[in-house]
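K.L.:
So I've got this file, data32.cif, and it contains mmCIF, N, CA and C atoms:
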data_protein
loop_
_atom_site.label_atom_id
_atom_site.label_comp_id
_atom_site.auth_asym_id
_atom_site.auth_seq_id
_atom_site.Cartn_x
_atom_site.Cartn_y
_atom_site.Cartn_z
N MET A 61 -2.74 19.64 1.38
CA MET A 61 -3.23 20.12 2.65
C MET A 61 -2.10 20.33 3.64
N ILE A 62 -1.09 19.48 3.56
CA ILE A 62 0.05 19.62 4.46
C ILE A 62 0.77 20.93 4.18
N LYS A 63 0.97 21.22 2.89
CA LYS A 63 1.77 22.38 2.52
C LYS A 63 1.04 23.70 2.73
N PHE A 64 -0.20 23.78 2.31
CA PHE A 64 -0.88 25.07 2.29
C PHE A 64 -1.67 25.38 3.55
N ARG A 65 -2.11 24.36 4.26
CA ARG A 65 -2.94 24.64 5.43
C ARG A 65 -2.25 24.31 6.74
N SER A 66 -1.14 23.61 6.68
CA SER A 66 -0.44 23.14 7.89
C SER A 66 -1.42 22.45 8.84
N THR A 67 -2.21 21.57 8.28
CA THR A 67 -3.23 20.86 9.04
C THR A 67 -2.57 19.88 10.00
N PRO A 68 -3.01 19.83 11.25
CA PRO A 68 -2.49 18.80 12.17
C PRO A 68 -2.82 17.41 11.65
N VAL A 69 -1.98 16.45 11.98
CA VAL A 69 -2.12 15.11 11.44
C VAL A 69 -3.47 14.50 11.79
N SER A 70 -3.92 14.68 12.99
CA SER A 70 -5.20 14.08 13.37
C SER A 70 -6.34 14.61 12.50
N GLU A 71 -6.35 15.90 12.22
CA GLU A 71 -7.37 16.47 11.34
C GLU A 71 -7.18 16.00 9.91
N LEU A 72 -5.94 15.91 9.47
CA LEU A 72 -5.66 15.46 8.11
C LEU A 72 -6.16 14.04 7.90
N ILE A 73 -5.85 13.16 8.84
CA ILE A 73 -6.27 11.76 8.74
C ILE A 73 -7.79 11.66 8.77
N SER A 74 -8.44 12.37 9.69
CA SER A 74 -9.89 12.26 9.78
C SER A 74 -10.57 12.81 8.53
N SER A 75 -10.09 13.91 7.97
CA SER A 75 -10.69 14.44 6.75
C SER A 75 -10.39 13.53 5.55
N PHE A 76 -9.21 12.96 5.55
CA PHE A 76 -8.80 12.05 4.49
C PHE A 76 -9.68 10.81 4.47
N LEU A 77 -10.01 10.31 5.65
CA LEU A 77 -10.79 9.08 5.75
C LEU A 77 -12.28 9.30 5.53
N GLN A 78 -12.71 10.55 5.41
CA GLN A 78 -14.11 10.85 5.11
C GLN A 78 -14.41 10.65 3.63
N LYS A 79 -13.38 10.63 2.79
CA LYS A 79 -13.57 10.55 1.34
C LYS A 79 -13.74 9.09 0.92
N ASP A 80 -14.83 8.81 0.23
CA ASP A 80 -15.17 7.43 -0.16
C ASP A 80 -14.16 6.83 -1.13
N ARG A 81 -13.51 7.64 -1.94
CA ARG A 81 -12.59 7.07 -2.93
C ARG A 81 -11.40 6.40 -2.28
N TYR A 82 -11.03 6.82 -1.07
CA TYR A 82 -9.92 6.19 -0.38
C TYR A 82 -10.37 4.97 0.42
N ILE A 83 -11.60 4.97 0.88
CA ILE A 83 -12.10 3.88 1.70
C ILE A 83 -12.27 2.61 0.88
N SER A 84 -12.34 2.72 -0.45
CA SER A 84 -12.45 1.53 -1.27
C SER A 84 -11.21 0.65 -1.18
N SER A 85 -10.10 1.23 -0.77
CA SER A 85 -8.87 0.46 -0.57
C SER A 85 -8.92 -0.20 0.81
N ASP A 86 -8.57 -1.47 0.87
CA ASP A 86 -8.64 -2.15 2.16
C ASP A 86 -7.60 -1.63 3.14
N PHE A 87 -6.47 -1.10 2.65
CA PHE A 87 -5.50 -0.51 3.56
C PHE A 87 -6.09 0.72 4.24
N PHE A 88 -6.73 1.59 3.44
CA PHE A 88 -7.30 2.80 4.02
C PHE A 88 -8.49 2.48 4.91
N LEU A 89 -9.22 1.43 4.57
CA LEU A 89 -10.31 1.00 5.44
C LEU A 89 -9.74 0.51 6.78
N GLY A 90 -8.63 -0.22 6.72
CA GLY A 90 -7.96 -0.64 7.95
C GLY A 90 -7.43 0.54 8.74
N LEU A 91 -6.93 1.55 8.04
CA LEU A 91 -6.45 2.77 8.69
C LEU A 91 -7.61 3.48 9.38
N LYS A 92 -8.73 3.53 8.71
CA LYS A 92 -9.92 4.18 9.30
C LYS A 92 -10.39 3.43 10.53
N ASN A 93 -10.45 2.10 10.44
CA ASN A 93 -10.89 1.30 11.59
C ASN A 93 -9.94 1.46 12.77
N ALA A 94 -8.64 1.44 12.51
CA ALA A 94 -7.66 1.62 13.59
C ALA A 94 -7.80 3.01 14.20
N TYR A 95 -8.05 3.99 13.36
CA TYR A 95 -8.23 5.37 13.83
C TYR A 95 -9.45 5.48 14.74
N GLU A 96 -10.54 4.85 14.32
CA GLU A 96 -11.76 4.90 15.13
C GLU A 96 -11.63 4.09 16.41
N ASN A 97 -10.94 2.95 16.36
CA ASN A 97 -10.75 2.13 17.56
C ASN A 97 -9.91 2.83 18.61
N ARG A 98 -8.96 3.60 18.17
CA ARG A 98 -8.08 4.30 19.11
C ARG A 98 -8.62 5.67 19.50
N LYS A 99 -9.71 6.06 18.93
CA LYS A 99 -10.35 7.36 19.22
C LYS A 99 -9.40 8.52 18.94
N GLY A 100 -8.68 8.44 17.86
CA GLY A 100 -7.78 9.53 17.48
C GLY A 100 -6.53 9.01 16.82
N TYR A 101 -5.62 9.92 16.57
CA TYR A 101 -4.41 9.58 15.83
C TYR A 101 -3.26 9.25 16.76
N ASP A 102 -2.59 8.19 16.46
CA ASP A 102 -1.25 7.92 16.97
C ASP A 102 -0.55 7.05 15.93
N LYS A 103 0.73 6.90 16.07
CA LYS A 103 1.51 6.20 15.04
C LYS A 103 1.15 4.72 14.91
N GLY A 104 0.53 4.16 15.93
CA GLY A 104 0.17 2.75 15.91
C GLY A 104 -0.88 2.39 14.88
N ILE A 105 -1.64 3.37 14.41
CA ILE A 105 -2.70 3.03 13.44
C ILE A 105 -2.11 2.56 12.12
N TRP A 106 -0.90 3.02 11.79
CA TRP A 106 -0.27 2.60 10.54
C TRP A 106 0.07 1.12 10.59
N SER A 107 0.67 0.67 11.70
CA SER A 107 1.03 -0.75 11.80
C SER A 107 -0.22 -1.61 11.93
N GLU A 108 -1.26 -1.10 12.61
CA GLU A 108 -2.52 -1.83 12.70
C GLU A 108 -3.16 -2.00 11.32
N ALA A 109 -3.11 -0.95 10.52
CA ALA A 109 -3.72 -1.00 9.18
C ALA A 109 -2.96 -1.96 8.27
N LEU A 110 -1.67 -2.13 8.50
CA LEU A 110 -0.85 -3.02 7.67
C LEU A 110 -0.82 -4.46 8.18
N GLU A 111 -1.39 -4.68 9.35
CA GLU A 111 -1.27 -5.95 10.04
C GLU A 111 -1.63 -7.16 9.18
N ASN A 112 -2.74 -7.14 8.50
CA ASN A 112 -3.21 -8.31 7.74
C ASN A 112 -3.09 -8.12 6.24
N ARG A 113 -2.19 -7.29 5.80
CA ARG A 113 -2.02 -7.06 4.37
C ARG A 113 -0.88 -7.94 3.86
N PHE A 114 -1.20 -9.22 3.65
CA PHE A 114 -0.18 -10.19 3.26
C PHE A 114 0.30 -10.00 1.84
N TYR A 115 -0.47 -9.31 1.02
CA TYR A 115 -0.11 -9.11 -0.37
C TYR A 115 0.98 -8.06 -0.53
N LEU A 116 1.26 -7.28 0.51
CA LEU A 116 2.32 -6.27 0.42
C LEU A 116 3.66 -6.90 0.76
N LYS A 117 4.66 -6.53 0.01
CA LYS A 117 6.01 -7.00 0.31
C LYS A 117 6.55 -6.21 1.50
N ASN A 118 7.57 -6.75 2.14
CA ASN A 118 8.14 -6.09 3.31
C ASN A 118 8.67 -4.70 2.99
N GLU A 119 9.22 -4.50 1.78
CA GLU A 119 9.73 -3.18 1.40
C GLU A 119 8.61 -2.15 1.39
N ASP A 120 7.44 -2.55 0.88
CA ASP A 120 6.29 -1.65 0.85
C ASP A 120 5.80 -1.35 2.25
N LYS A 121 5.72 -2.38 3.08
CA LYS A 121 5.28 -2.17 4.46
C LYS A 121 6.22 -1.23 5.21
N GLU A 122 7.52 -1.43 5.02
CA GLU A 122 8.50 -0.57 5.69
C GLU A 122 8.37 0.88 5.23
N ALA A 123 8.15 1.08 3.93
CA ALA A 123 7.98 2.45 3.41
C ALA A 123 6.75 3.11 4.01
N ILE A 124 5.66 2.38 4.10
CA ILE A 124 4.43 2.93 4.66
C ILE A 124 4.58 3.20 6.16
N LEU A 125 5.24 2.29 6.87
CA LEU A 125 5.47 2.51 8.30
C LEU A 125 6.38 3.71 8.54
N THR A 126 7.39 3.87 7.68
CA THR A 126 8.27 5.04 7.79
C THR A 126 7.48 6.31 7.56
N LEU A 127 6.57 6.27 6.59
CA LEU A 127 5.70 7.42 6.34
C LEU A 127 4.87 7.74 7.57
N GLY A 128 4.32 6.72 8.22
CA GLY A 128 3.54 6.91 9.43
C GLY A 128 4.35 7.52 10.55
N ASP A 129 5.65 7.19 10.61
CA ASP A 129 6.52 7.77 11.64
C ASP A 129 6.84 9.23 11.37
N ILE A 130 6.95 9.59 10.09
CA ILE A 130 7.37 10.94 9.72
C ILE A 130 6.21 11.94 9.73
N ILE A 131 5.02 11.48 9.32
CA ILE A 131 3.88 12.40 9.23
C ILE A 131 3.64 13.04 10.60
N GLY A 132 3.67 14.34 10.60
CA GLY A 132 3.42 15.09 11.83
C GLY A 132 4.64 15.34 12.67
N GLU A 133 5.77 14.74 12.33
CA GLU A 133 6.97 14.88 13.14
C GLU A 133 7.96 15.91 12.62
N THR A 134 7.91 16.19 11.33
CA THR A 134 8.86 17.12 10.75
C THR A 134 8.12 18.33 10.18
N ASP A 135 8.87 19.24 9.62
CA ASP A 135 8.24 20.41 9.00
C ASP A 135 7.50 19.99 7.73
N THR A 136 6.73 20.90 7.17
CA THR A 136 5.91 20.55 6.01
C THR A 136 6.75 20.13 4.82
N ASP A 137 7.89 20.78 4.60
CA ASP A 137 8.75 20.38 3.47
C ASP A 137 9.29 18.97 3.66
N GLY A 138 9.64 18.63 4.88
CA GLY A 138 10.13 17.29 5.16
C GLY A 138 9.05 16.24 4.95
N GLN A 139 7.83 16.55 5.33
CA GLN A 139 6.73 15.62 5.14
C GLN A 139 6.43 15.43 3.66
N ILE A 140 6.46 16.53 2.91
CA ILE A 140 6.20 16.43 1.47
C ILE A 140 7.30 15.65 0.78
N SER A 141 8.54 15.86 1.20
CA SER A 141 9.66 15.09 0.63
C SER A 141 9.49 13.61 0.94
N MET A 142 9.07 13.31 2.14
CA MET A 142 8.88 11.91 2.53
C MET A 142 7.73 11.28 1.74
N LEU A 143 6.66 12.02 1.54
CA LEU A 143 5.55 11.51 0.73
C LEU A 143 6.01 11.23 -0.69
N THR A 144 6.82 12.11 -1.24
CA THR A 144 7.35 11.91 -2.59
C THR A 144 8.23 10.67 -2.65
N MET A 145 9.10 10.51 -1.66
CA MET A 145 10.01 9.37 -1.64
C MET A 145 9.23 8.06 -1.52
N VAL A 146 8.24 8.02 -0.63
CA VAL A 146 7.45 6.80 -0.45
C VAL A 146 6.67 6.50 -1.73
N SER A 147 6.12 7.52 -2.35
CA SER A 147 5.38 7.34 -3.60
C SER A 147 6.28 6.76 -4.69
N GLU A 148 7.49 7.27 -4.80
CA GLU A 148 8.44 6.76 -5.81
C GLU A 148 8.84 5.33 -5.50
N THR A 149 9.08 5.03 -4.22
CA THR A 149 9.48 3.68 -3.83
C THR A 149 8.38 2.68 -4.15
N ILE A 150 7.16 3.01 -3.79
CA ILE A 150 6.04 2.11 -4.06
C ILE A 150 5.79 2.00 -5.56
N GLY A 151 5.98 3.09 -6.30
CA GLY A 151 5.84 3.06 -7.76
C GLY A 151 6.84 2.11 -8.40
N LYS A 152 8.10 2.17 -7.95
CA LYS A 152 9.13 1.27 -8.48
C LYS A 152 8.80 -0.18 -8.13
N ASN A 153 8.34 -0.41 -6.89
CA ASN A 153 7.97 -1.76 -6.49
C ASN A 153 6.79 -2.28 -7.29
N LEU A 154 5.86 -1.39 -7.64
CA LEU A 154 4.72 -1.77 -8.45
C LEU A 154 5.16 -2.19 -9.86
N GLU A 155 6.10 -1.45 -10.44
CA GLU A 155 6.62 -1.81 -11.77
C GLU A 155 7.32 -3.17 -11.73
N CYS A 156 8.10 -3.41 -10.67
CA CYS A 156 8.77 -4.71 -10.53
C CYS A 156 7.74 -5.83 -10.38
N ALA A 157 6.67 -5.56 -9.62
CA ALA A 157 5.63 -6.58 -9.42
C ALA A 157 4.91 -6.88 -10.73
N LYS A 158 4.67 -5.85 -11.54
CA LYS A 158 4.02 -6.08 -12.84
C LYS A 158 4.90 -6.92 -13.74
N ALA A 159 6.21 -6.65 -13.75
CA ALA A 159 7.14 -7.43 -14.57
C ALA A 159 7.19 -8.88 -14.07
N GLU A 160 7.21 -9.06 -12.76
CA GLU A 160 7.24 -10.40 -12.17
C GLU A 160 5.96 -11.16 -12.52
N LYS A 161 4.82 -10.48 -12.48
CA LYS A 161 3.54 -11.10 -12.83
C LYS A 161 3.55 -11.57 -14.27
N ALA A 162 4.03 -10.71 -15.18
CA ALA A 162 4.08 -11.08 -16.60
C ALA A 162 4.98 -12.29 -16.81
N GLN A 163 6.10 -12.33 -16.10
CA GLN A 163 7.03 -13.45 -16.23
C GLN A 163 6.38 -14.75 -15.73
N LYS A 164 5.68 -14.67 -14.60
CA LYS A 164 5.05 -15.87 -14.05
C LYS A 164 3.89 -16.33 -14.92
N GLU A 165 3.14 -15.38 -15.50
CA GLU A 165 2.06 -15.77 -16.40
C GLU A 165 2.61 -16.52 -17.61
N LYS A 166 3.73 -16.05 -18.13
CA LYS A 166 4.34 -16.71 -19.28
C LYS A 166 4.81 -18.12 -18.89
N LEU A 167 5.39 -18.25 -17.71
CA LEU A 167 5.84 -19.55 -17.23
C LEU A 167 4.68 -20.52 -17.08
N ILE A 168 3.59 -20.06 -16.50
CA ILE A 168 2.41 -20.92 -16.31
C ILE A 168 1.81 -21.32 -17.66
N LEU A 169 1.76 -20.38 -18.59
CA LEU A 169 1.24 -20.69 -19.93
C LEU A 169 2.10 -21.77 -20.59
N ASN A 170 3.42 -21.64 -20.49
CA ASN A 170 4.31 -22.65 -21.07
C ASN A 170 4.14 -24.01 -20.40
N MET A 171 3.96 -24.01 -19.08
CA MET A 171 3.76 -25.28 -18.37
C MET A 171 2.50 -25.97 -18.86
N TRP A 172 1.39 -25.22 -18.99
CA TRP A 172 0.14 -25.82 -19.46
C TRP A 172 0.28 -26.31 -20.90
N LEU A 173 1.05 -25.61 -21.70
CA LEU A 173 1.27 -26.03 -23.08
C LEU A 173 2.00 -27.37 -23.11
N PHE A 174 3.06 -27.49 -22.31
CA PHE A 174 3.80 -28.76 -22.27
C PHE A 174 2.96 -29.89 -21.69
N ILE A 175 2.14 -29.58 -20.69
CA ILE A 175 1.26 -30.60 -20.12
C ILE A 175 0.26 -31.06 -21.19
N GLY A 176 -0.29 -30.12 -21.93
CA GLY A 176 -1.23 -30.46 -23.00
C GLY A 176 -0.59 -31.30 -24.07
N ILE A 177 0.63 -30.94 -24.47
CA ILE A 177 1.36 -31.73 -25.47
C ILE A 177 1.66 -33.11 -24.94
N GLY A 178 2.07 -33.19 -23.66
CA GLY A 178 2.36 -34.48 -23.05
C GLY A 178 1.13 -35.37 -22.99
N LEU A 179 -0.01 -34.80 -22.63
CA LEU A 179 -1.26 -35.58 -22.59
C LEU A 179 -1.66 -36.03 -24.00
N GLY A 180 -1.44 -35.15 -24.97
CA GLY A 180 -1.75 -35.52 -26.36
C GLY A 180 -0.91 -36.67 -26.82
N VAL A 181 0.37 -36.66 -26.49
CA VAL A 181 1.27 -37.75 -26.88
C VAL A 181 0.86 -39.04 -26.17
N MET A 182 0.48 -38.93 -24.90
CA MET A 182 0.08 -40.14 -24.14
C MET A 182 -1.19 -40.75 -24.72
N ILE A 183 -2.11 -39.92 -25.17
CA ILE A 183 -3.36 -40.42 -25.74
C ILE A 183 -3.12 -41.11 -27.07
N ILE A 184 -2.20 -40.56 -27.86
CA ILE A 184 -1.91 -41.14 -29.18
C ILE A 184 -1.16 -42.42 -28.96
#
Would you give me this structure, written as structure tokens?
P.N.:
Amino acid sequence: MIKFRSTPVSELISSFLQKDRYISSDFFLGLKNAYENRKGYDKGIWSEALENRFYLKNEDKEAILTLGDIIGETDTDGQISMLTMVSETIGKNLECAKAEKAQKEKLILNMWLFIGIGLGVMII
């Protein structure tokens, strides 16, 4: 929509938030609530939407806030480039988070195994 229609940001956000598939995400729900509370678009809705998202790392929050600053401020090519960059950054962070999760799951499994063995030895 940015590239082909040159839609203003306020219209883009309002049409974007009408779609149910995005509202299922709590970030987008927060974005919608901030948008409705402010009666329109301004850059503050991005920080409001991220306010209580403790599960996001600071790198992800910074990327999303940077996106909020850029949307509507540059030409369409610049906005599309920024969307691509943010998407790649969050994608890399997601891969790192998945690897970290797998590592922690393995650690927890090993801990429970040793605890079980220790309890078995104590019982015997």
K.L.:
Report, in Å to a single decimal, how far apart atom C of Asn97 (chain A) and atom N of Gly151 (chain A) are.
P.N.:
29.5 Å
K.L.:
Name the residues in contact with region 106-116 of chain A at a cut-off of 8 Å, using only N, CA and C atoms, excluding same-chain residues fewer than 4 positions from it; report them as number ranges by chain.
P.N.:
A: 86-95, 102, 120-122, 124-125, 127-129
K.L.:
Counting all atoms listed in the file, figure out which residue out of A:Ala162, A:Ala123, A:Ile130, A:Leu167 gets nearest to Met145 (chain A).
P.N.:
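For Met145 (chain A), the nearest of the given residues is A:Ala123.
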K.L.:
Do you have the atom N of Val146 (chain A)-atom C of Thr126 (chain A) distance handy?
P.N.:
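It comes out at 8.4 Å.
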K.L.:
Just list as JSON, numbers by chain whatever in region 87-152 of chain A DSSP marks as helix (DSSP H, G or I).
P.N.:
{"A": [87, 88, 89, 90, 91, 92, 93, 94, 95, 96, 97, 104, 105, 106, 107, 108, 109, 110, 118, 119, 120, 121, 122, 123, 124, 125, 126, 127, 128, 129, 130, 136, 137, 138, 139, 140, 141, 142, 143, 144, 145, 146, 147, 148, 149, 150, 151, 152]}
K.L.:
State, in Å with one decimal place, the distance from atom N of Trp172 (chain A) to atom C of Glu155 (chain A).
P.N.:
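Straight-line distance from atom N of Trp172 (chain A) to atom C of Glu155 (chain A) works out to 24.0 Å.
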K.L.:
Around the point (8.5, -3.5, -7.4) (coordinates from the file), which residues reach within 12 Å if we count only C-alpha atoms? Answer as a VMD selection string.
P.N.:
chain A and resid 116 to 120 147 to 161
